[in-house]
>>> print(open('query23.pdb').read())   # PDB, C-alpha atoms
ATOM      1  CA  MET A 120     -18.327  -2.496 -54.741  1.00  0.00           C
ATOM      2  CA  GLY A 121     -18.463   1.050 -56.051  1.00  0.00           C
ATOM      3  CA  PRO A 122     -15.737   3.622 -55.345  1.00  0.00           C
ATOM      4  CA  GLY A 123     -18.071   5.711 -53.194  1.00  0.00           C
ATOM      5  CA  LEU A 124     -18.606   2.835 -50.769  1.00  0.00           C
ATOM      6  CA  MET A 125     -14.863   2.139 -50.607  1.00  0.00           C
ATOM      7  CA  GLN A 126     -14.131   5.752 -49.789  1.00  0.00           C
ATOM      8  CA  SER A 127     -16.730   5.864 -47.028  1.00  0.00           C
ATOM      9  CA  LYS A 128     -15.147   2.835 -45.360  1.00  0.00           C
ATOM     10  CA  ASN A 129     -11.755   4.542 -45.376  1.00  0.00           C
ATOM     11  CA  VAL A 130     -13.009   7.705 -43.682  1.00  0.00           C
ATOM     12  CA  GLN A 131     -11.982   7.682 -40.029  1.00  0.00           C
ATOM     13  CA  LYS A 132     -14.819   8.531 -37.675  1.00  0.00           C
ATOM     14  CA  ILE A 133     -14.137  11.566 -35.491  1.00  0.00           C
ATOM     15  CA  PRO A 134     -14.638  10.767 -31.776  1.00  0.00           C
ATOM     16  CA  PRO A 135     -17.600  12.623 -30.191  1.00  0.00           C
ATOM     17  CA  SER A 136     -15.310  14.166 -27.551  1.00  0.00           C
ATOM     18  CA  ARG A 137     -13.176  15.742 -30.258  1.00  0.00           C
ATOM     19  CA  ILE A 138     -16.204  17.079 -32.104  1.00  0.00           C
ATOM     20  CA  GLN A 139     -17.476  18.661 -28.904  1.00  0.00           C
ATOM     21  CA  ALA A 140     -14.062  20.183 -28.134  1.00  0.00           C
ATOM     22  CA  VAL A 141     -13.713  21.680 -31.610  1.00  0.00           C
ATOM     23  CA  ARG A 142     -17.209  23.146 -31.520  1.00  0.00           C
ATOM     24  CA  LEU A 143     -16.575  24.605 -28.069  1.00  0.00           C
ATOM     25  CA  ALA A 144     -13.269  26.104 -29.239  1.00  0.00           C
ATOM     26  CA  GLN A 145     -14.993  27.587 -32.271  1.00  0.00           C
ATOM     27  CA  SER A 146     -17.614  29.212 -30.056  1.00  0.00           C
ATOM     28  CA  HIS A 147     -14.810  30.734 -27.952  1.00  0.00           C
ATOM     29  CA  ARG A 148     -13.064  31.861 -31.151  1.00  0.00           C
ATOM     30  CA  GLU A 149     -16.089  33.957 -32.096  1.00  0.00           C
ATOM     31  CA  CYS A 150     -15.424  36.056 -28.963  1.00  0.00           C
ATOM     32  CA  LYS A 151     -11.862  36.859 -30.152  1.00  0.00           C
ATOM     33  CA  PRO A 152     -10.293  35.887 -26.798  1.00  0.00           C
ATOM     34  CA  ILE A 153      -7.080  37.258 -25.387  1.00  0.00           C
ATOM     35  CA  PHE A 154      -4.526  34.909 -23.780  1.00  0.00           C
ATOM     36  CA  LEU A 155      -2.821  35.152 -20.391  1.00  0.00           C
ATOM     37  CA  ASP A 156       0.071  33.402 -18.668  1.00  0.00           C
ATOM     38  CA  THR A 157       1.945  33.929 -15.409  1.00  0.00           C
ATOM     39  CA  GLU A 158       5.179  32.773 -13.821  1.00  0.00           C
ATOM     40  CA  THR A 159       5.270  32.485 -10.043  1.00  0.00           C
ATOM     41  CA  THR A 160       7.515  31.881  -7.044  1.00  0.00           C
ATOM     42  CA  GLY A 161       6.068  28.395  -6.678  1.00  0.00           C
ATOM     43  CA  LEU A 162       2.909  26.308  -6.547  1.00  0.00           C
ATOM     44  CA  HIS A 163       2.065  26.673  -2.847  1.00  0.00           C
ATOM     45  CA  ASN A 164      -0.577  28.834  -1.185  1.00  0.00           C
ATOM     46  CA  LYS A 165       1.892  31.653  -0.474  1.00  0.00           C
ATOM     47  CA  ALA A 166       3.339  31.801  -3.975  1.00  0.00           C
ATOM     48  CA  GLU A 167       3.035  35.060  -5.902  1.00  0.00           C
ATOM     49  CA  ILE A 168       3.348  36.254  -9.476  1.00  0.00           C
ATOM     50  CA  ILE A 169       6.770  37.321 -10.731  1.00  0.00           C
ATOM     51  CA  GLU A 170       5.896  37.693 -14.422  1.00  0.00           C
ATOM     52  CA  ILE A 171       2.686  38.160 -16.369  1.00  0.00           C
ATOM     53  CA  ALA A 172       1.929  38.430 -20.067  1.00  0.00           C
ATOM     54  CA  ILE A 173      -1.289  38.981 -21.972  1.00  0.00           C
ATOM     55  CA  ILE A 174      -1.548  38.876 -25.765  1.00  0.00           C
ATOM     56  CA  ASP A 175      -4.457  39.739 -28.017  1.00  0.00           C
ATOM     57  CA  PHE A 176      -6.279  37.386 -30.397  1.00  0.00           C
ATOM     58  CA  ASP A 177      -3.702  38.031 -33.117  1.00  0.00           C
ATOM     59  CA  GLY A 178      -0.762  37.311 -30.800  1.00  0.00           C
ATOM     60  CA  LYS A 179       0.308  40.903 -30.200  1.00  0.00           C
ATOM     61  CA  PRO A 180       1.468  41.783 -26.666  1.00  0.00           C
ATOM     62  CA  LEU A 181      -0.912  43.777 -24.496  1.00  0.00           C
ATOM     63  CA  ILE A 182       1.339  43.570 -21.442  1.00  0.00           C
ATOM     64  CA  GLN A 183       4.586  41.774 -20.669  1.00  0.00           C
ATOM     65  CA  SER A 184       5.972  42.614 -17.254  1.00  0.00           C
ATOM     66  CA  LEU A 185       8.169  41.269 -14.506  1.00  0.00           C
ATOM     67  CA  VAL A 186       6.802  41.731 -10.986  1.00  0.00           C
ATOM     68  CA  LYS A 187       8.835  42.397  -7.851  1.00  0.00           C
ATOM     69  CA  PRO A 188       7.723  39.825  -5.252  1.00  0.00           C
ATOM     70  CA  VAL A 189       7.253  40.546  -1.562  1.00  0.00           C
ATOM     71  CA  GLN A 190       9.175  37.403  -0.652  1.00  0.00           C
ATOM     72  CA  SER A 191      12.401  36.371  -2.324  1.00  0.00           C
ATOM     73  CA  ASN A 192      12.139  34.119  -5.357  1.00  0.00           C
ATOM     74  CA  PRO A 193      13.522  30.644  -4.510  1.00  0.00           C
ATOM     75  CA  ASP A 194      16.671  29.618  -6.381  1.00  0.00           C
ATOM     76  CA  ALA A 195      14.943  26.512  -7.712  1.00  0.00           C
ATOM     77  CA  THR A 196      12.184  28.630  -9.251  1.00  0.00           C
ATOM     78  CA  ALA A 197      14.700  31.127 -10.619  1.00  0.00           C
ATOM     79  CA  HIS A 198      16.460  28.229 -12.358  1.00  0.00           C
ATOM     80  CA  ILE A 199      13.217  27.128 -14.034  1.00  0.00           C
ATOM     81  CA  HIS A 200      12.175  30.578 -15.259  1.00  0.00           C
ATOM     82  CA  ARG A 201      15.677  31.950 -15.760  1.00  0.00           C
ATOM     83  CA  ILE A 202      14.546  35.184 -14.126  1.00  0.00           C
ATOM     84  CA  SER A 203      17.358  36.541 -11.991  1.00  0.00           C
ATOM     85  CA  HIS A 204      16.991  38.042  -8.542  1.00  0.00           C
ATOM     86  CA  GLN A 205      18.511  41.240  -9.916  1.00  0.00           C
ATOM     87  CA  GLU A 206      15.833  41.506 -12.610  1.00  0.00           C
ATOM     88  CA  LEU A 207      13.057  41.099 -10.044  1.00  0.00           C
ATOM     89  CA  ALA A 208      14.642  43.612  -7.677  1.00  0.00           C
ATOM     90  CA  GLY A 209      14.267  46.265 -10.366  1.00  0.00           C
ATOM     91  CA  ALA A 210      10.764  45.255 -11.433  1.00  0.00           C
ATOM     92  CA  LYS A 211       7.511  47.081 -10.644  1.00  0.00           C
ATOM     93  CA  PRO A 212       5.507  45.929  -7.610  1.00  0.00           C
ATOM     94  CA  TRP A 213       2.276  44.038  -8.248  1.00  0.00           C
ATOM     95  CA  PRO A 214      -0.184  46.899  -7.481  1.00  0.00           C
ATOM     96  CA  LEU A 215       1.265  48.966 -10.321  1.00  0.00           C
ATOM     97  CA  VAL A 216       1.218  46.006 -12.720  1.00  0.00           C
ATOM     98  CA  TRP A 217      -2.272  44.978 -11.602  1.00  0.00           C
ATOM     99  CA  ASN A 218      -3.711  48.396 -12.422  1.00  0.00           C
ATOM    100  CA  GLU A 219      -2.740  47.821 -16.041  1.00  0.00           C
ATOM    101  CA  VAL A 220      -3.714  44.141 -16.064  1.00  0.00           C
ATOM    102  CA  ARG A 221      -7.157  44.872 -14.633  1.00  0.00           C
ATOM    103  CA  GLY A 222      -7.838  47.391 -17.394  1.00  0.00           C
ATOM    104  CA  ILE A 223      -6.811  44.914 -20.081  1.00  0.00           C
ATOM    105  CA  LEU A 224      -8.965  42.104 -18.661  1.00  0.00           C
ATOM    106  CA  PHE A 225     -12.082  44.257 -18.278  1.00  0.00           C
ATOM    107  CA  ARG A 226     -14.940  42.737 -20.326  1.00  0.00           C
ATOM    108  CA  GLN A 227     -12.565  40.416 -22.173  1.00  0.00           C
ATOM    109  CA  HIS A 228     -12.867  36.693 -22.899  1.00  0.00           C
ATOM    110  CA  VAL A 229      -9.602  35.209 -21.594  1.00  0.00           C
ATOM    111  CA  GLY A 230      -8.020  31.899 -22.624  1.00  0.00           C
ATOM    112  CA  ILE A 231      -5.571  30.345 -20.141  1.00  0.00           C
ATOM    113  CA  TYR A 232      -3.765  27.003 -20.123  1.00  0.00           C
ATOM    114  CA  ASN A 233      -4.575  25.653 -16.640  1.00  0.00           C
ATOM    115  CA  ALA A 234      -6.816  28.584 -15.801  1.00  0.00           C
ATOM    116  CA  ALA A 235      -7.453  27.432 -12.230  1.00  0.00           C
ATOM    117  CA  PHE A 236      -3.775  27.892 -11.381  1.00  0.00           C
ATOM    118  CA  ASP A 237      -3.272  31.319 -12.945  1.00  0.00           C
ATOM    119  CA  LEU A 238      -6.520  32.682 -11.510  1.00  0.00           C
ATOM    120  CA  LYS A 239      -5.515  31.357  -8.094  1.00  0.00           C
ATOM    121  CA  MET A 240      -2.118  33.075  -8.382  1.00  0.00           C
ATOM    122  CA  ILE A 241      -3.721  36.369  -9.388  1.00  0.00           C
ATOM    123  CA  ASP A 242      -6.001  36.182  -6.361  1.00  0.00           C
ATOM    124  CA  GLN A 243      -3.164  35.143  -4.016  1.00  0.00           C
ATOM    125  CA  THR A 244      -0.976  38.005  -5.193  1.00  0.00           C
ATOM    126  CA  ASN A 245      -3.836  40.458  -4.858  1.00  0.00           C
ATOM    127  CA  ARG A 246      -4.518  39.298  -1.303  1.00  0.00           C
ATOM    128  CA  ILE A 247      -0.937  40.108  -0.298  1.00  0.00           C
ATOM    129  CA  TYR A 248      -1.795  43.748  -1.009  1.00  0.00           C
ATOM    130  CA  GLN A 249      -5.416  43.463   0.158  1.00  0.00           C
ATOM    131  CA  ILE A 250      -6.658  44.100  -3.369  1.00  0.00           C
ATOM    132  CA  PRO A 251     -10.048  42.574  -4.274  1.00  0.00           C
ATOM    133  CA  THR A 252      -9.998  40.312  -7.321  1.00  0.00           C
ATOM    134  CA  PRO A 253     -12.873  40.823  -9.774  1.00  0.00           C
ATOM    135  CA  ILE A 254     -14.511  37.980 -11.646  1.00  0.00           C
ATOM    136  CA  ILE A 255     -12.379  37.201 -14.712  1.00  0.00           C
ATOM    137  CA  ASN A 256     -14.213  35.766 -17.699  1.00  0.00           C
ATOM    138  CA  ALA A 257     -11.743  32.950 -18.378  1.00  0.00           C
ATOM    139  CA  PHE A 258     -11.896  29.536 -20.027  1.00  0.00           C
ATOM    140  CA  ASP A 259      -9.439  26.676 -19.614  1.00  0.00           C
ATOM    141  CA  ILE A 260      -7.520  25.534 -22.684  1.00  0.00           C
ATOM    142  CA  MET A 261      -5.916  22.653 -20.772  1.00  0.00           C
ATOM    143  CA  ASN A 262      -9.346  21.078 -20.251  1.00  0.00           C
ATOM    144  CA  LEU A 263     -10.285  21.895 -23.824  1.00  0.00           C
ATOM    145  CA  PHE A 264      -7.209  20.063 -25.116  1.00  0.00           C
ATOM    146  CA  ALA A 265      -7.888  17.089 -22.822  1.00  0.00           C
ATOM    147  CA  GLN A 266     -11.340  16.710 -24.340  1.00  0.00           C
ATOM    148  CA  PHE A 267      -9.909  17.174 -27.851  1.00  0.00           C
ATOM    149  CA  ARG A 268      -7.316  14.422 -27.345  1.00  0.00           C
ATOM    150  CA  GLY A 269      -9.940  12.245 -25.724  1.00  0.00           C
ATOM    151  CA  ILE A 270      -7.912   9.966 -23.427  1.00  0.00           C
ATOM    152  CA  TRP A 271     -10.280   8.968 -20.635  1.00  0.00           C
ATOM    153  CA  SER A 272      -8.995   8.492 -17.081  1.00  0.00           C
ATOM    154  CA  GLU A 273     -11.019   6.051 -14.980  1.00  0.00           C
ATOM    155  CA  LYS A 274      -9.077   7.182 -11.916  1.00  0.00           C
ATOM    156  CA  PHE A 275     -10.137  10.831 -12.178  1.00  0.00           C
ATOM    157  CA  ILE A 276     -13.367  10.173 -14.124  1.00  0.00           C
ATOM    158  CA  SER A 277     -12.390  12.817 -16.652  1.00  0.00           C
ATOM    159  CA  TYR A 278     -10.260  13.271 -19.746  1.00  0.00           C
ATOM    160  CA  LYS A 279      -6.550  13.015 -19.004  1.00  0.00           C
ATOM    161  CA  LEU A 280      -4.851  16.389 -18.647  1.00  0.00           C
ATOM    162  CA  ALA A 281      -1.523  17.206 -20.289  1.00  0.00           C
ATOM    163  CA  LYS A 282       1.302  19.629 -19.644  1.00  0.00           C
ATOM    164  CA  GLN A 283       1.402  22.530 -22.054  1.00  0.00           C
ATOM    165  CA  GLU A 284       4.530  21.298 -23.817  1.00  0.00           C
ATOM    166  CA  ASP A 285       2.980  17.829 -24.277  1.00  0.00           C
ATOM    167  CA  ALA A 286      -0.163  19.379 -25.739  1.00  0.00           C
ATOM    168  CA  ALA A 287       1.962  21.424 -28.137  1.00  0.00           C
ATOM    169  CA  ARG A 288       3.895  18.341 -29.185  1.00  0.00           C
ATOM    170  CA  TYR A 289       0.640  16.461 -29.856  1.00  0.00           C
ATOM    171  CA  CYS A 290      -0.533  19.352 -32.062  1.00  0.00           C
ATOM    172  CA  GLY A 291       2.786  19.470 -33.930  1.00  0.00           C
ATOM    173  CA  ILE A 292       3.646  22.911 -32.559  1.00  0.00           C
ATOM    174  CA  GLN A 293       7.284  23.825 -31.960  1.00  0.00           C
ATOM    175  CA  THR A 294       8.080  25.035 -28.442  1.00  0.00           C
ATOM    176  CA  ASN A 295      10.711  27.647 -27.590  1.00  0.00           C
ATOM    177  CA  SER A 296      11.785  29.115 -24.243  1.00  0.00           C
ATOM    178  CA  LEU A 297       9.045  27.622 -22.105  1.00  0.00           C
ATOM    179  CA  HIS A 298       8.341  28.920 -18.599  1.00  0.00           C
ATOM    180  CA  ARG A 299       8.407  32.557 -19.618  1.00  0.00           C
ATOM    181  CA  ALA A 300       5.020  34.217 -19.578  1.00  0.00           C
ATOM    182  CA  PHE A 301       5.019  35.785 -23.051  1.00  0.00           C
ATOM    183  CA  ASN A 302       6.203  32.652 -24.853  1.00  0.00           C
ATOM    184  CA  ASP A 303       3.780  30.456 -22.923  1.00  0.00           C
ATOM    185  CA  ALA A 304       0.906  32.810 -23.741  1.00  0.00           C
ATOM    186  CA  LEU A 305       1.818  32.542 -27.425  1.00  0.00           C
ATOM    187  CA  LEU A 306       1.917  28.755 -27.113  1.00  0.00           C
ATOM    188  CA  THR A 307      -1.490  28.750 -25.434  1.00  0.00           C
ATOM    189  CA  ARG A 308      -2.884  30.713 -28.374  1.00  0.00           C
ATOM    190  CA  LYS A 309      -1.389  28.283 -30.895  1.00  0.00           C
ATOM    191  CA  ILE A 310      -2.844  25.240 -29.122  1.00  0.00           C
ATOM    192  CA  PHE A 311      -6.248  26.907 -28.943  1.00  0.00           C
ATOM    193  CA  LEU A 312      -6.252  27.851 -32.630  1.00  0.00           C
ATOM    194  CA  PHE A 313      -5.081  24.366 -33.624  1.00  0.00           C
ATOM    195  CA  ILE A 314      -8.222  22.976 -31.998  1.00  0.00           C
ATOM    196  CA  ALA A 315     -10.565  25.730 -33.157  1.00  0.00           C
ATOM    197  CA  ASN A 316      -9.388  25.535 -36.780  1.00  0.00           C
ATOM    198  CA  GLN A 317     -10.070  21.815 -37.154  1.00  0.00           C
ATOM    199  CA  GLU A 318     -12.538  20.950 -39.899  1.00  0.00           C
ATOM    200  CA  LEU A 319     -15.400  18.654 -38.953  1.00  0.00           C
ATOM    201  CA  LEU A 320     -16.497  16.645 -41.988  1.00  0.00           C
TER
END
>>> encode(input="query23.pdb", output="structure tokens")
Amino acid sequence: MGPGLMQSKNVQKIPPSRIQAVRLAQSHRECKPIFLDTETTGLHNKAEIIEIAIIDFDGKPLIQSLVKPVQSNPDATAHIHRISHQELAGAKPWPLVWNEVRGILFRQHVGIYNAAFDLKMIDQTNRIYQIPTPIINAFDIMNLFAQFRGIWSEKFISYKLAKQEDAARYCGIQTNSLHRAFNDALLTRKIFLFIANQELL
């Protein structure tokens, strides 16, 4: 048996789902996406944004702002985010923050980890102030990672989703100060680039 044949047997075949995920990530990478994350008063249908961060393709901040909520931030949520009631009391209201956010998002390709949630929270917060929400050109990095990892769920008939910190751990990325918008946006970028920078032999 020649050495070439031995080497070919030792090469691990890349799963088709991973190949598709990497190629999709690389197509998104060509658009030089920006990355967004929010922190909110909860997960329910009356929750609103209390912090938002957007970073550019290179990881530089475009906006990082606390948001004064209409309703008080629950103590349990404050404990998770470590955002005090005093900090929020002195923050700008959403309409002022949204004016800046809307300008940043205009005609941009936006990567979000669990995009459905953040887009829902943007719309919910806008509706409090009767502000129309434009279409945001976003793609979901949580679904992208699920396809990259390739664990199939028969129950949901889809690839198994993962929390952001679990995805980071899988990719060998160190996590610091989770549940703050800026740090989570940076982590989203790192997970995305880990996938997009994979080499397909």
>>> residues_around(input="query23.pdb", residues="His204 (chain A)", least_positions_apart="2", cutoff="9 Å", atoms="only C-alpha atoms", output="PyMOL selection string")
chain A and resi 191-192+194+197+202+206-209
>>> resolve_selection(input="query23.pdb", expression="the PyMOL selection byres ((chain A and resi 172-189) around 9)", output="ChimeraX atom specification")
/A:148,151-157,160,167-171,190-192,202,206-213,216,219-220,223-224,244,247,299-305,308
>>> atom_distance(input="query23.pdb", atom1="CA of Ser136 (chain A)", atom2="CA of Gln266 (chain A)")
5.7 Å
>>> resolve_selection(input="query23.pdb", expression="the PyMOL selection byres ((chain A and resi 312) around 12)", output="ChimeraX atom specification")
/A:140-149,151-154,176-178,230,260,263-264,287,290,292,305-311,313-318
>>> atom_distance(input="query23.pdb", atom1="CA of Asn256 (chain A)", atom2="CA of Val229 (chain A)")
6.1 Å
>>> closest_residue(input="query23.pdb", among="A:Ser272, A:Pro135, A:Asp242, A:Gln283", to="Lys165 (chain A)", atoms="all atoms listed in the file")
A:Asp242
>>> atom_distance(input="query23.pdb", atom1="CA of Thr159 (chain A)", atom2="CA of Phe258 (chain A)")
20.1 Å
>>> resolve_selection(input="query23.pdb", expression="the PyMOL selection byres ((chain A and resi 250) around 12)", output="compact mmCIF listing (two decimals) with C-alpha atoms, in the frame of the given file")
# COMPACT_ATOMS: atom_id res chain seq x y z
CA TRP A 213 2.28 44.04 -8.25
CA PRO A 214 -0.18 46.90 -7.48
CA LEU A 215 1.26 48.97 -10.32
CA TRP A 217 -2.27 44.98 -11.60
CA ASN A 218 -3.71 48.40 -12.42
CA ARG A 221 -7.16 44.87 -14.63
CA ILE A 241 -3.72 36.37 -9.39
CA ASP A 242 -6.00 36.18 -6.36
CA GLN A 243 -3.16 35.14 -4.02
CA THR A 244 -0.98 38.01 -5.19
CA ASN A 245 -3.84 40.46 -4.86
CA ARG A 246 -4.52 39.30 -1.30
CA ILE A 247 -0.94 40.11 -0.30
CA TYR A 248 -1.80 43.75 -1.01
CA GLN A 249 -5.42 43.46 0.16
CA PRO A 251 -10.05 42.57 -4.27
CA THR A 252 -10.00 40.31 -7.32
CA PRO A 253 -12.87 40.82 -9.77
